[in-house]
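This is my_file10.pdb (PDB, C-alpha atoms).
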ATOM      1  CA  MET P   1      72.665 126.897 100.415
ATOM      2  CA  TYR P   2      71.521 124.620 103.241
ATOM      3  CA  PRO P   3      72.615 121.350 104.937
ATOM      4  CA  LEU P   4      72.635 118.609 102.298
ATOM      5  CA  LEU P   5      71.523 114.998 102.679
ATOM      6  CA  PHE P   6      72.381 112.347 100.082
ATOM      7  CA  GLN P   7      70.913 109.337  98.337
ATOM      8  CA  ALA P   8      72.177 105.867  99.265
ATOM      9  CA  ASN P   9      75.408 104.958  97.459
ATOM     10  CA  LEU P  10      76.232 101.338  98.336
ATOM     11  CA  HIS P  11      79.183  99.324  96.984
ATOM     12  CA  GLU P  12      79.066  95.553  96.599
ATOM     13  CA  LEU P  13      82.395  93.995  97.634
ATOM     14  CA  VAL P  14      83.456  90.396  98.141
ATOM     15  CA  TRP P  15      84.326  90.924 101.817
ATOM     16  CA  GLY P  16      81.178  92.957 102.598
ATOM     17  CA  GLY P  17      78.256  92.058 104.847
ATOM     18  CA  HIS P  18      74.618  92.959 105.412
ATOM     19  CA  LYS P  19      74.756  95.611 108.134
ATOM     20  CA  LEU P  20      74.815  98.685 105.927
ATOM     21  CA  ARG P  21      71.473  98.036 104.256
ATOM     22  CA  ALA P  22      69.929  97.566 107.702
ATOM     23  CA  LEU P  23      71.631 100.742 108.961
ATOM     24  CA  LYS P  24      70.090 102.634 106.039
ATOM     25  CA  GLY P  25      66.645 101.136 106.586
ATOM     26  CA  LEU P  26      66.755  99.315 103.228
ATOM     27  CA  ALA P  27      65.245  95.918 102.516
ATOM     28  CA  PRO P  28      67.757  93.076 102.974
ATOM     29  CA  ASN P  29      69.131  91.084 100.051
ATOM     30  CA  GLN P  30      72.013  88.716  99.374
ATOM     31  CA  GLN P  31      74.480  91.305  98.053
ATOM     32  CA  PRO P  32      77.651  91.626 100.168
ATOM     33  CA  ILE P  33      77.696  95.397 100.725
ATOM     34  CA  GLY P  34      81.127  96.505 101.905
ATOM     35  CA  GLU P  35      80.897 100.284 101.712
ATOM     36  CA  SER P  36      78.410 103.140 101.829
ATOM     37  CA  TRP P  37      79.950 106.181 100.185
ATOM     38  CA  GLU P  38      78.264 108.791 102.322
ATOM     39  CA  ILE P  39      79.713 111.960 100.788
ATOM     40  CA  SER P  40      81.681 111.565  97.570
ATOM     41  CA  ASP P  41      82.920 113.675  94.667
ATOM     42  CA  VAL P  42      84.843 110.731  93.138
ATOM     43  CA  PRO P  43      83.757 110.737  89.459
ATOM     44  CA  SER P  44      82.982 107.008  89.380
ATOM     45  CA  SER P  45      80.645 107.239  92.391
ATOM     46  CA  GLU P  46      79.339 110.744  93.084
ATOM     47  CA  SER P  47      76.843 111.547  95.796
ATOM     48  CA  HIS P  48      73.466 113.030  94.805
ATOM     49  CA  VAL P  49      71.330 115.296  96.987
ATOM     50  CA  ARG P  50      68.051 113.937  98.398
ATOM     51  CA  ASN P  51      66.598 116.964 100.206
ATOM     52  CA  GLY P  52      65.346 120.433  99.333
ATOM     53  CA  ARG P  53      65.358 122.307  96.048
ATOM     54  CA  LEU P  54      68.693 120.760  94.977
ATOM     55  CA  THR P  55      67.368 117.186  95.092
ATOM     56  CA  GLY P  56      68.945 115.013  92.409
ATOM     57  CA  ARG P  57      71.964 117.256  91.870
ATOM     58  CA  SER P  58      75.446 115.741  92.090
ATOM     59  CA  ILE P  59      78.032 117.232  94.429
ATOM     60  CA  HIS P  60      80.249 118.088  91.486
ATOM     61  CA  SER P  61      77.504 119.996  89.685
ATOM     62  CA  LEU P  62      76.933 122.008  92.860
ATOM     63  CA  ILE P  63      80.644 122.775  93.165
ATOM     64  CA  SER P  64      80.640 123.947  89.540
ATOM     65  CA  GLU P  65      77.739 126.301  90.265
ATOM     66  CA  TYR P  66      78.452 127.498  93.813
ATOM     67  CA  GLY P  67      82.238 127.150  94.097
ATOM     68  CA  ALA P  68      83.628 128.694  97.270
ATOM     69  CA  VAL P  69      80.136 129.164  98.735
ATOM     70  CA  LEU P  70      80.049 125.379  99.045
ATOM     71  CA  LEU P  71      83.730 124.523  99.490
ATOM     72  CA  GLY P  72      85.246 127.642 101.104
ATOM     73  CA  ASP P  73      87.704 130.102  99.556
ATOM     74  CA  HIS P  74      90.748 128.425 101.095
ATOM     75  CA  ILE P  75      89.661 124.977  99.908
ATOM     76  CA  MET P  76      89.083 126.255  96.360
ATOM     77  CA  GLU P  77      92.535 127.844  96.341
ATOM     78  CA  ARG P  78      94.233 124.665  97.544
ATOM     79  CA  TYR P  79      92.284 121.969  95.682
ATOM     80  CA  GLY P  80      90.375 123.667  92.890
ATOM     81  CA  ALA P  81      86.790 122.700  92.051
ATOM     82  CA  GLN P  82      86.708 119.358  93.852
ATOM     83  CA  LEU P  83      85.600 118.080  97.240
ATOM     84  CA  PRO P  84      88.887 116.967  98.822
ATOM     85  CA  LEU P  85      87.340 114.576 101.373
ATOM     86  CA  LEU P  86      85.474 111.285 101.020
ATOM     87  CA  VAL P  87      83.280 109.948 103.836
ATOM     88  CA  LYS P  88      82.408 106.241 104.023
ATOM     89  CA  PHE P  89      80.826 103.636 106.262
ATOM     90  CA  ILE P  90      82.564 100.241 105.922
ATOM     91  CA  ASP P  91      81.130  96.849 106.933
ATOM     92  CA  ALA P  92      83.812  94.156 106.974
ATOM     93  CA  ALA P  93      82.162  90.739 107.251
ATOM     94  CA  GLN P  94      85.504  89.221 106.209
ATOM     95  CA  ASP P  95      89.089  90.458 106.450
ATOM     96  CA  LEU P  96      89.980  93.135 103.921
ATOM     97  CA  SER P  97      93.170  92.791 101.895
ATOM     98  CA  ILE P  98      96.492  93.905 103.371
ATOM     99  CA  GLN P  99      96.906  97.267 101.667
ATOM    100  CA  VAL P 100      98.585 100.655 101.553
ATOM    101  CA  HIS P 101      97.854 104.000  99.907
ATOM    102  CA  PRO P 102     100.289 106.386  98.172
ATOM    103  CA  ASN P 103     101.062 109.894  99.402
ATOM    104  CA  ASP P 104     100.264 113.020  97.396
ATOM    105  CA  GLU P 105     103.582 113.069  95.546
ATOM    106  CA  LEU P 106     103.436 109.437  94.413
ATOM    107  CA  ALA P 107      99.714 109.565  93.618
ATOM    108  CA  ARG P 108     100.153 112.712  91.544
ATOM    109  CA  GLU P 109     103.112 111.208  89.651
ATOM    110  CA  ARG P 110     101.440 107.847  88.939
ATOM    111  CA  HIS P 111      97.722 108.638  88.834
ATOM    112  CA  GLY P 112      97.252 112.405  88.599
ATOM    113  CA  SER P 113      95.360 112.172  91.885
ATOM    114  CA  LEU P 114      95.416 113.149  95.527
ATOM    115  CA  GLY P 115      97.085 110.699  97.868
ATOM    116  CA  LYS P 116      95.088 108.857 100.500
ATOM    117  CA  THR P 117      95.512 109.608 104.172
ATOM    118  CA  GLU P 118      92.546 108.375 106.208
ATOM    119  CA  MET P 119      91.165 107.759 109.682
ATOM    120  CA  TRP P 120      88.796 105.162 111.153
ATOM    121  CA  TYR P 121      86.219 105.490 113.898
ATOM    122  CA  VAL P 122      84.994 102.053 115.007
ATOM    123  CA  MET P 123      81.182 102.069 114.975
ATOM    124  CA  GLN P 124      80.746  98.430 115.975
ATOM    125  CA  ALA P 125      83.045  95.473 116.623
ATOM    126  CA  ASP P 126      82.289  91.828 117.335
ATOM    127  CA  PRO P 127      83.931  90.412 120.498
ATOM    128  CA  GLY P 128      87.613  89.774 119.786
ATOM    129  CA  ALA P 129      87.575  91.597 116.425
ATOM    130  CA  SER P 130      90.861  93.192 115.403
ATOM    131  CA  MET P 131      92.626  95.421 112.894
ATOM    132  CA  LEU P 132      96.070  95.270 111.367
ATOM    133  CA  VAL P 133      97.758  98.681 111.459
ATOM    134  CA  GLY P 134     101.482  99.288 110.967
ATOM    135  CA  PHE P 135     104.506  97.025 111.361
ATOM    136  CA  SER P 136     105.286  95.178 114.593
ATOM    137  CA  GLN P 137     108.927  94.632 113.594
ATOM    138  CA  GLU P 138     111.348  96.083 111.088
ATOM    139  CA  ILE P 139     111.684  94.399 107.705
ATOM    140  CA  SER P 140     113.673  95.254 104.596
ATOM    141  CA  LYS P 141     112.254  95.781 101.112
ATOM    142  CA  ASP P 142     113.741  92.417 100.091
ATOM    143  CA  ASP P 143     112.143  90.728 103.098
ATOM    144  CA  TYR P 144     108.865  92.420 102.185
ATOM    145  CA  ALA P 145     108.813  90.793  98.719
ATOM    146  CA  ARG P 146     109.472  87.347 100.194
ATOM    147  CA  ARG P 147     106.814  87.729 102.870
ATOM    148  CA  VAL P 148     104.206  88.843 100.343
ATOM    149  CA  ASP P 149     105.006  85.788  98.213
ATOM    150  CA  ASP P 150     104.623  83.306 101.083
ATOM    151  CA  GLY P 151     101.828  85.136 102.929
ATOM    152  CA  SER P 152     103.870  85.773 106.075
ATOM    153  CA  ILE P 153     103.509  89.546 105.673
ATOM    154  CA  VAL P 154     100.616  89.228 108.143
ATOM    155  CA  ASP P 155     103.054  87.966 110.807
ATOM    156  CA  VAL P 156     104.992  91.252 110.935
ATOM    157  CA  LEU P 157     101.970  93.567 111.179
ATOM    158  CA  ALA P 158     100.693  94.971 114.469
ATOM    159  CA  ARG P 159      97.307  93.489 115.427
ATOM    160  CA  HIS P 160      94.962  95.573 117.588
ATOM    161  CA  GLU P 161      91.806  94.277 119.273
ATOM    162  CA  VAL P 162      89.147  96.965 118.851
ATOM    163  CA  HIS P 163      85.891  98.125 120.387
ATOM    164  CA  ALA P 164      83.236 100.681 119.480
ATOM    165  CA  GLY P 165      84.635 104.199 119.764
ATOM    166  CA  ASP P 166      88.251 103.294 118.951
ATOM    167  CA  VAL P 167      90.066 105.611 116.528
ATOM    168  CA  PHE P 168      93.015 104.930 114.215
ATOM    169  CA  PHE P 169      94.809 107.474 112.038
ATOM    170  CA  ILE P 170      96.227 105.919 108.845
ATOM    171  CA  PRO P 171      98.655 108.273 107.080
ATOM    172  CA  ALA P 172      99.539 107.442 103.491
ATOM    173  CA  GLY P 173     102.242 104.772 103.506
ATOM    174  CA  ARG P 174     101.011 102.881 106.581
ATOM    175  CA  VAL P 175     100.151  99.245 105.845
ATOM    176  CA  HIS P 176      96.746  98.275 107.236
ATOM    177  CA  ALA P 177      93.671  96.052 107.026
ATOM    178  CA  ILE P 178      90.235  96.097 108.638
ATOM    179  CA  CYS P 179      89.461  92.543 109.738
ATOM    180  CA  GLY P 180      86.133  90.738 109.843
ATOM    181  CA  GLY P 181      83.394  91.696 112.299
ATOM    182  CA  ILE P 182      84.036  95.457 112.279
ATOM    183  CA  MET P 183      82.080  98.464 111.035
ATOM    184  CA  VAL P 184      83.840 101.818 110.739
ATOM    185  CA  CYS P 185      83.242 105.375 109.660
ATOM    186  CA  GLU P 186      86.152 106.437 107.476
ATOM    187  CA  ILE P 187      87.192 110.010 106.701
ATOM    188  CA  GLN P 188      89.814 110.190 103.964
ATOM    189  CA  GLN P 189      91.329 112.272 101.224
ATOM    190  CA  SER P 190      89.204 112.041  98.106
ATOM    191  CA  SER P 191      91.096 109.248  96.363
ATOM    192  CA  ASP P 192      90.203 105.705  95.362
ATOM    193  CA  ILE P 193      93.799 104.478  94.956
ATOM    194  CA  THR P 194      94.566 101.292  96.886
ATOM    195  CA  TYR P 195      97.598  99.038  96.510
ATOM    196  CA  ARG P 196      96.847  95.485  97.616
ATOM    197  CA  LEU P 197      99.858  93.650  99.035
ATOM    198  CA  PHE P 198      98.147  90.384  99.935
ATOM    199  CA  ASP P 199      94.559  89.132  99.719
ATOM    200  CA  TYR P 200      94.611  85.613 101.203
ATOM    201  CA  HIS P 201      94.400  84.083  97.686
ATOM    202  CA  ARG P 202      90.751  85.187  97.594
ATOM    203  CA  LEU P 203      88.611  85.269  94.455
ATOM    204  CA  GLY P 204      86.638  88.388  93.553
ATOM    205  CA  LEU P 205      82.926  88.626  92.827
ATOM    206  CA  ASP P 206      83.760  87.667  89.229
ATOM    207  CA  GLY P 207      85.337  84.389  90.369
ATOM    208  CA  LYS P 208      88.858  85.503  89.409
ATOM    209  CA  PRO P 209      91.835  86.260  91.680
ATOM    210  CA  ARG P 210      91.825  89.899  92.793
ATOM    211  CA  GLN P 211      94.606  92.053  91.397
ATOM    212  CA  LEU P 212      97.645  92.656  93.623
ATOM    213  CA  HIS P 213     100.015  95.628  93.447
ATOM    214  CA  THR P 214     103.106  94.251  95.192
ATOM    215  CA  LEU P 215     105.685  96.289  93.278
ATOM    216  CA  GLU P 216     103.692  99.529  93.266
ATOM    217  CA  ALA P 217     103.097  99.184  97.006
ATOM    218  CA  ARG P 218     106.779  98.711  97.865
ATOM    219  CA  ASP P 219     107.580 102.305  96.894
ATOM    220  CA  ALA P 220     104.603 103.634  98.850
ATOM    221  CA  ILE P 221     105.193 101.819 102.162
ATOM    222  CA  ASP P 222     106.557 103.435 105.312
ATOM    223  CA  PHE P 223     108.575 100.528 106.757
ATOM    224  CA  ARG P 224     109.256 102.218 110.098
ATOM    225  CA  VAL P 225     107.925 100.752 113.363
ATOM    226  CA  TYR P 226     106.041 103.162 115.649
ATOM    227  CA  PRO P 227     105.460 102.744 119.396
ATOM    228  CA  ASP P 228     101.676 103.208 119.222
ATOM    229  CA  TYR P 229      99.263 103.204 116.292
ATOM    230  CA  ARG P 230      96.041 103.864 118.204
ATOM    231  CA  THR P 231      94.573 107.331 118.868
ATOM    232  CA  HIS P 232      93.887 107.832 122.568
ATOM    233  CA  TYR P 233      91.143 110.249 123.601
ATOM    234  CA  THR P 234      88.328 110.725 126.087
ATOM    235  CA  ALA P 235      84.969 111.817 124.726
ATOM    236  CA  PRO P 236      83.162 114.242 127.063
ATOM    237  CA  ALA P 237      79.526 113.825 128.034
ATOM    238  CA  GLU P 238      78.882 117.137 126.249
ATOM    239  CA  GLY P 239      80.940 118.901 123.617
ATOM    240  CA  ALA P 240      83.627 118.241 121.026
ATOM    241  CA  THR P 241      86.819 116.201 121.191
ATOM    242  CA  CYS P 242      89.441 116.437 118.452
ATOM    243  CA  VAL P 243      90.706 112.986 117.429
ATOM    244  CA  VAL P 244      92.599 113.897 114.227
ATOM    245  CA  ASP P 245      94.267 117.143 113.180
ATOM    246  CA  CYS P 246      96.460 116.512 110.141
ATOM    247  CA  PRO P 247      97.504 118.511 107.050
ATOM    248  CA  TYR P 248      94.400 117.324 105.155
ATOM    249  CA  PHE P 249      91.510 117.306 107.621
ATOM    250  CA  VAL P 250      90.311 117.776 111.189
ATOM    251  CA  VAL P 251      87.972 115.227 112.778
ATOM    252  CA  ASN P 252      86.032 115.710 116.017
ATOM    253  CA  VAL P 253      83.758 113.450 118.024
ATOM    254  CA  LEU P 254      80.669 115.446 119.048
ATOM    255  CA  THR P 255      78.414 114.424 121.930
ATOM    256  CA  THR P 256      75.280 116.139 123.222
ATOM    257  CA  SER P 257      71.974 115.305 124.846
ATOM    258  CA  THR P 258      70.773 118.916 124.696
ATOM    259  CA  SER P 259      72.077 121.432 122.165
ATOM    260  CA  LEU P 260      75.571 122.114 120.823
ATOM    261  CA  ARG P 261      76.511 125.125 118.692
ATOM    262  CA  ARG P 262      79.362 124.753 116.169
ATOM    263  CA  PRO P 263      80.582 128.204 114.984
ATOM    264  CA  LEU P 264      82.988 127.071 112.240
ATOM    265  CA  LEU P 265      82.801 129.827 109.617
ATOM    266  CA  GLN P 266      86.394 130.775 110.438
ATOM    267  CA  GLU P 267      87.590 127.358 109.185
ATOM    268  CA  ASP P 268      86.664 128.458 105.622
ATOM    269  CA  SER P 269      85.628 124.902 104.687
ATOM    270  CA  PHE P 270      82.574 122.759 104.190
ATOM    271  CA  VAL P 271      81.816 120.470 107.165
ATOM    272  CA  THR P 272      80.672 116.849 107.116
ATOM    273  CA  LEU P 273      78.619 115.228 109.873
ATOM    274  CA  SER P 274      78.022 111.481 110.257
ATOM    275  CA  CYS P 275      75.561 110.336 112.911
ATOM    276  CA  LEU P 276      76.892 107.454 115.010
ATOM    277  CA  GLN P 277      74.252 107.359 117.735
ATOM    278  CA  GLY P 278      70.763 108.777 118.217
ATOM    279  CA  THR P 279      68.956 111.338 116.079
ATOM    280  CA  ALA P 280      70.120 114.928 115.626
ATOM    281  CA  ILE P 281      68.478 118.037 114.233
ATOM    282  CA  ILE P 282      71.036 120.170 112.408
ATOM    283  CA  THR P 283      70.076 123.860 112.062
ATOM    284  CA  ASP P 284      72.268 126.410 110.289
ATOM    285  CA  HIS P 285      72.440 130.143 111.097
ATOM    286  CA  GLU P 286      69.729 130.867 108.521
ATOM    287  CA  ASP P 287      67.326 128.410 110.222
ATOM    288  CA  ASN P 288      67.604 125.717 107.544
ATOM    289  CA  SER P 289      67.196 122.358 109.299
ATOM    290  CA  VAL P 290      67.674 118.671 108.536
ATOM    291  CA  THR P 291      67.099 115.608 110.689
ATOM    292  CA  LEU P 292      70.074 113.271 110.788
ATOM    293  CA  HIS P 293      69.430 109.709 111.946
ATOM    294  CA  LYS P 294      72.009 107.146 113.030
ATOM    295  CA  GLY P 295      73.759 105.772 109.940
ATOM    296  CA  PHE P 296      73.337 108.897 107.810
ATOM    297  CA  SER P 297      75.571 111.846 106.927
ATOM    298  CA  CYS P 298      75.174 115.426 105.775
ATOM    299  CA  LEU P 299      77.333 118.172 104.290
ATOM    300  CA  ILE P 300      77.231 121.710 105.640
ATOM    301  CA  PRO P 301      78.312 124.191 102.941
ATOM    302  CA  ALA P 302      81.117 126.550 103.965
ATOM    303  CA  SER P 303      78.696 129.491 103.857
ATOM    304  CA  GLN P 304      76.460 127.775 106.425
ATOM    305  CA  ALA P 305      79.175 126.485 108.779
ATOM    306  CA  ASP P 306      77.719 128.098 111.880
ATOM    307  CA  PHE P 307      75.162 125.544 112.987
ATOM    308  CA  THR P 308      73.521 123.947 116.009
ATOM    309  CA  ILE P 309      73.072 120.260 116.798
ATOM    310  CA  THR P 310      70.023 119.451 118.906
ATOM    311  CA  SER P 311      68.839 116.204 120.456
ATOM    312  CA  PRO P 312      65.050 116.288 119.947
ATOM    313  CA  ASP P 313      64.302 113.849 122.778
ATOM    314  CA  ALA P 314      67.129 114.723 125.214
ATOM    315  CA  THR P 315      68.936 111.415 124.627
ATOM    316  CA  GLU P 316      72.611 111.243 123.760
ATOM    317  CA  VAL P 317      73.584 112.038 120.192
ATOM    318  CA  ARG P 318      77.062 111.247 118.869
ATOM    319  CA  LEU P 319      78.441 112.450 115.538
ATOM    320  CA  LEU P 320      81.719 112.471 113.667
ATOM    321  CA  GLU P 321      82.494 115.960 112.359
ATOM    322  CA  ALA P 322      85.155 116.759 109.754
ATOM    323  CA  TRP P 323      86.395 119.643 107.673
ATOM    324  CA  ALA P 324      89.202 120.009 105.170
ATOM    325  CA  ARG P 325      92.522 121.757 105.716
TER     326      ARG P 325
END
Since I need it in another form, could you write the structure as structure tokens?
Amino acid sequence: MYPLLFQANLHELVWGGHKLRALKGLAPNQQPIGESWEISDVPSSESHVRNGRLTGRSIHSLISEYGAVLLGDHIMERYGAQLPLLVKFIDAAQDLSIQVHPNDELARERHGSLGKTEMWYVMQADPGASMLVGFSQEISKDDYARRVDDGSIVDVLARHEVHAGDVFFIPAGRVHAICGGIMVCEIQQSSDITYRLFDYHRLGLDGKPRQLHTLEARDAIDFRVYPDYRTHYTAPAEGATCVVDCPYFVVNVLTTSTSLRRPLLQEDSFVTLSCLQGTAIITDHEDNSVTLHKGFSCLIPASQADFTITSPDATEVRLLEAWAR
């Protein structure tokens, strides 16, 4: 095995913009691209390798062949033959719907799926851009139904002005929405289950109203109010900073302008890397190397999870690193 790069996997969405094609070095067009699924084992939108002898292979076919060599023994024991994380870049040209995701128990009962806990790292934000994360005041389930009907649900959500580098952890059950003018890197459980509470009476790409899931969402929502929804951290000039450590994944911000070794074999998991700034050379302990440019991601198989990140021109490189729990 060796570090794996992947073919472009872009998703056209009504609220999407035009930044992701540019980030990927692709020719512009008029499609509103909302998401780039960087590393995905979701059956409807699998990632396919674009480097080395495994070029063209899907992640799932590699898991079927290599098993724990790719995923890690612990990950295979916990999740079976599936990649339990999904990595995305999201470009919100318009506000996304107000939404929530179910936890493992509810998702398993209703959909036979993992739940969806996620985190966001803000890659870029227009001046004054904001996110809605969590409730700003307590409401009842009856009040919730009324506010969804009249659109005032937005008035009881906490609004956060954001800037590049901001981090938010979104556990399953927390109501949220990325608003227009923001690009994020999202690390999440491998699930595509979203309950839309409210969508501003917007029409989809097919010209029809987008489906809402008001009743399904009510049972999934955590109605509690929390004192702070933002993750506070300080990224060092060199090294790794943990920004999320939850039951499903660990996420670190990595920064280097020289060389940074990541000895992670003891984590017994694959590792994902998404380049947020600069260009990095990723070299595993068997001297397999890939070049990772800004706006691209790679997967380090569990067997290769002792690797070095090098800045080829001594300028600052910043990456988001994640592995599964």
Would you mind listing what lies within 6 Å of stretch 254-266 of chain P as a ChimeraX atom specification, with only C-alpha atoms counted and same-chain residues fewer than 2 positions away left out?
/P:238-240,268,305-311,314-319
Just say which residues the PyMOL selection byres ((chain P and resi 177-193) around 7) picks in this file, as number ranges by chain.
P: 42, 84-99, 101, 113-126, 129-133, 176, 194-195
Quick one: which residues end up in the PyMOL selection byres ((chain P and resi 54-70) around 8) for this structure, as an mmCIF file with C-alpha atoms, in the coordinates of the input?
data_model
loop_
_atom_site.group_PDB
_atom_site.id
_atom_site.type_symbol
_atom_site.label_atom_id
_atom_site.label_comp_id
_atom_site.auth_asym_id
_atom_site.auth_seq_id
_atom_site.Cartn_x
_atom_site.Cartn_y
_atom_site.Cartn_z
ATOM 1 C CA MET P 1 72.665 126.897 100.415
ATOM 2 C CA SER P 40 81.681 111.565 97.570
ATOM 3 C CA ASP P 41 82.920 113.675 94.667
ATOM 4 C CA GLU P 46 79.339 110.744 93.084
ATOM 5 C CA SER P 47 76.843 111.547 95.796
ATOM 6 C CA HIS P 48 73.466 113.030 94.805
ATOM 7 C CA VAL P 49 71.330 115.296 96.987
ATOM 8 C CA ARG P 50 68.051 113.937 98.398
ATOM 9 C CA ASN P 51 66.598 116.964 100.206
ATOM 10 C CA GLY P 52 65.346 120.433 99.333
ATOM 11 C CA ARG P 53 65.358 122.307 96.048
ATOM 12 C CA LEU P 71 83.730 124.523 99.490
ATOM 13 C CA GLY P 72 85.246 127.642 101.104
ATOM 14 C CA ASP P 73 87.704 130.102 99.556
ATOM 15 C CA ILE P 75 89.661 124.977 99.908
ATOM 16 C CA MET P 76 89.083 126.255 96.360
ATOM 17 C CA ALA P 81 86.790 122.700 92.051
ATOM 18 C CA GLN P 82 86.708 119.358 93.852
ATOM 19 C CA LEU P 83 85.600 118.080 97.240
ATOM 20 C CA SER P 269 85.628 124.902 104.687
ATOM 21 C CA PHE P 270 82.574 122.759 104.190
ATOM 22 C CA PRO P 301 78.312 124.191 102.941
ATOM 23 C CA ALA P 302 81.117 126.550 103.965
ATOM 24 C CA SER P 303 78.696 129.491 103.857
#
Might you pull out every residue within 8 Å of P:Ala8, with only C-alpha atoms counted and same-chain residues fewer than 4 positions away left off, and present them as an mmCIF file with C-alpha atoms, keeping the file's coordinate frame?
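Once everything was written out, this is around.cif:
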data_model
loop_
_atom_site.group_PDB
_atom_site.id
_atom_site.type_symbol
_atom_site.label_atom_id
_atom_site.label_comp_id
_atom_site.auth_asym_id
_atom_site.auth_seq_id
_atom_site.Cartn_x
_atom_site.Cartn_y
_atom_site.Cartn_z
ATOM 1 C CA LYS P 24 70.090 102.634 106.039
ATOM 2 C CA SER P 36 78.410 103.140 101.829
ATOM 3 C CA TRP P 37 79.950 106.181 100.185
ATOM 4 C CA GLU P 38 78.264 108.791 102.322
#
Once the PyMOL selection byres ((chain P and resi 224) around 8) is applied to the coordinates I shared, what remains selected? I want it as a ChimeraX atom specification.
/P:135,138,222-223,225-226
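Proximity ranking of P:Ile33, P:Ala172, P:Val162, P:Val251 relative to P:Ala220 places P:Ala172 first, based on all atoms listed in the file.
Closest approach to P:Gln304 among P:Pro236, P:Thr279, P:Thr272, P:Ala324: P:Thr272, based on only C-alpha atoms.
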What box, with edges along x, y and z, holds each listed atom of stretch 109-115 of chain P when 8 Å is added on every side, and can you state its centre and edge lengths in Å to one decimal, as lines of an AutoDock Vina configuration file?
center_x = 99.2
center_y = 110.5
center_z = 93.2
size_x = 23.8
size_y = 21.3
size_z = 25.3
